[in-house]
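The block underneath contains the structure these notes are about, expressed in structure tokens.
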Amino acid sequence: MVRHTRSEQPAQQLVSLSEAAEHFGVSVKTLRRRIADGTIRGYRIGRLIRIDLHELQDRLLIEIPSMK
């Protein structure tokens, strides 16, 4: 079993849906759909929904293999 210390884990950077949508060039509706289907996790803080930019980058950005 691998245990991570605080220094090894990347810090969460929770941002609003609109900030994340602008950052990645997608719509807020797309992010809401991804939260609903379980692709990404949303975090509720009071009435606000926040998402982690690091997690979003890991889950949404997919490398396209190049032809050689």
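Scheme for the structure tokens: letters A, B, ... for chains in order shown; per-chain residue numbers from 1; ligand numbers from 1 in order shown.
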
Tell me, as a JSON list (two decimals) with N, CA and C atoms, in the first residue's frame, which residues lie within 12 Å of segment 32-37 of chain A, counting only C-alpha atoms; anything in the same chain fewer than 6 positions away does not count.
```json
[["chain", "number", "residue", "atom", "x", "y", "z"],
["A", 16, "SER", "N", -14.48, 28.09, -9.81],
["A", 16, "SER", "CA", -15.88, 28.04, -10.23],
["A", 16, "SER", "C", -15.99, 27.37, -11.60],
["A", 17, "LEU", "N", -17.19, 26.95, -11.93],
["A", 17, "LEU", "CA", -17.42, 26.31, -13.22],
["A", 17, "LEU", "C", -17.11, 27.27, -14.36],
["A", 18, "SER", "N", -17.48, 28.54, -14.21],
["A", 18, "SER", "CA", -17.23, 29.50, -15.29],
["A", 18, "SER", "C", -15.73, 29.75, -15.48],
["A", 20, "ALA", "N", -13.30, 27.57, -14.82],
["A", 20, "ALA", "CA", -12.76, 26.35, -15.43],
["A", 20, "ALA", "C", -13.16, 26.26, -16.90],
["A", 21, "ALA", "N", -14.39, 26.61, -17.21],
["A", 21, "ALA", "CA", -14.86, 26.56, -18.60],
["A", 21, "ALA", "C", -14.04, 27.51, -19.47],
["A", 26, "VAL", "N", -14.29, 25.30, -22.86],
["A", 26, "VAL", "CA", -15.53, 24.50, -22.96],
["A", 26, "VAL", "C", -16.65, 25.29, -22.29],
["A", 43, "TYR", "N", -17.44, 19.83, -6.22],
["A", 43, "TYR", "CA", -17.42, 20.03, -4.77],
["A", 43, "TYR", "C", -18.37, 21.17, -4.44],
["A", 44, "ARG", "N", -19.34, 20.89, -3.57],
["A", 44, "ARG", "CA", -20.29, 21.91, -3.18],
["A", 44, "ARG", "C", -19.77, 22.61, -1.93],
["A", 49, "ILE", "N", -20.73, 25.55, -6.57],
["A", 49, "ILE", "CA", -20.10, 24.32, -7.05],
["A", 49, "ILE", "C", -18.72, 24.69, -7.54],
["A", 50, "ARG", "N", -17.73, 23.94, -7.09],
["A", 50, "ARG", "CA", -16.34, 24.17, -7.48],
["A", 50, "ARG", "C", -15.77, 22.88, -8.03],
["A", 51, "ILE", "N", -14.79, 23.01, -8.90],
["A", 51, "ILE", "CA", -14.10, 21.83, -9.42],
["A", 51, "ILE", "C", -12.59, 22.08, -9.33],
["A", 52, "ASP", "N", -11.85, 20.98, -9.25],
["A", 52, "ASP", "CA", -10.40, 21.03, -9.11],
["A", 52, "ASP", "C", -9.77, 21.11, -10.49],
["A", 55, "GLU", "N", -7.54, 18.04, -11.38],
["A", 55, "GLU", "CA", -8.32, 16.85, -11.73],
["A", 55, "GLU", "C", -8.94, 17.02, -13.11],
["A", 56, "LEU", "N", -9.44, 18.20, -13.39],
["A", 56, "LEU", "CA", -10.06, 18.47, -14.68],
["A", 56, "LEU", "C", -9.05, 18.27, -15.81],
["A", 59, "ARG", "N", -8.46, 14.53, -16.32],
["A", 59, "ARG", "CA", -9.59, 13.76, -16.85],
["A", 59, "ARG", "C", -10.04, 14.21, -18.24],
["A", 60, "LEU", "N", -9.91, 15.50, -18.56],
["A", 60, "LEU", "CA", -10.44, 15.98, -19.83],
["A", 60, "LEU", "C", -9.42, 16.00, -20.96]]
```

For this session: Report the residues of chain A whose backbone DSSP state falls under strand (DSSP E), written as JSON, numbers by chain.
Result: {"A": [14, 15, 16, 42, 43, 44, 45, 48, 49, 50, 51, 52]}

For this session: Identify, with DSSP run on backbone atoms, the residues in chain A assigned to alpha helix (DSSP H), and express the list as a PyMOL selection string.
Result: chain A and resi 17-24+28-37+53-60

Seminar exercise, completed: One decimal place gives the atom CA of Gly38 of chain A-atom CA of Glu22 of chain A separation as 20.7 Å
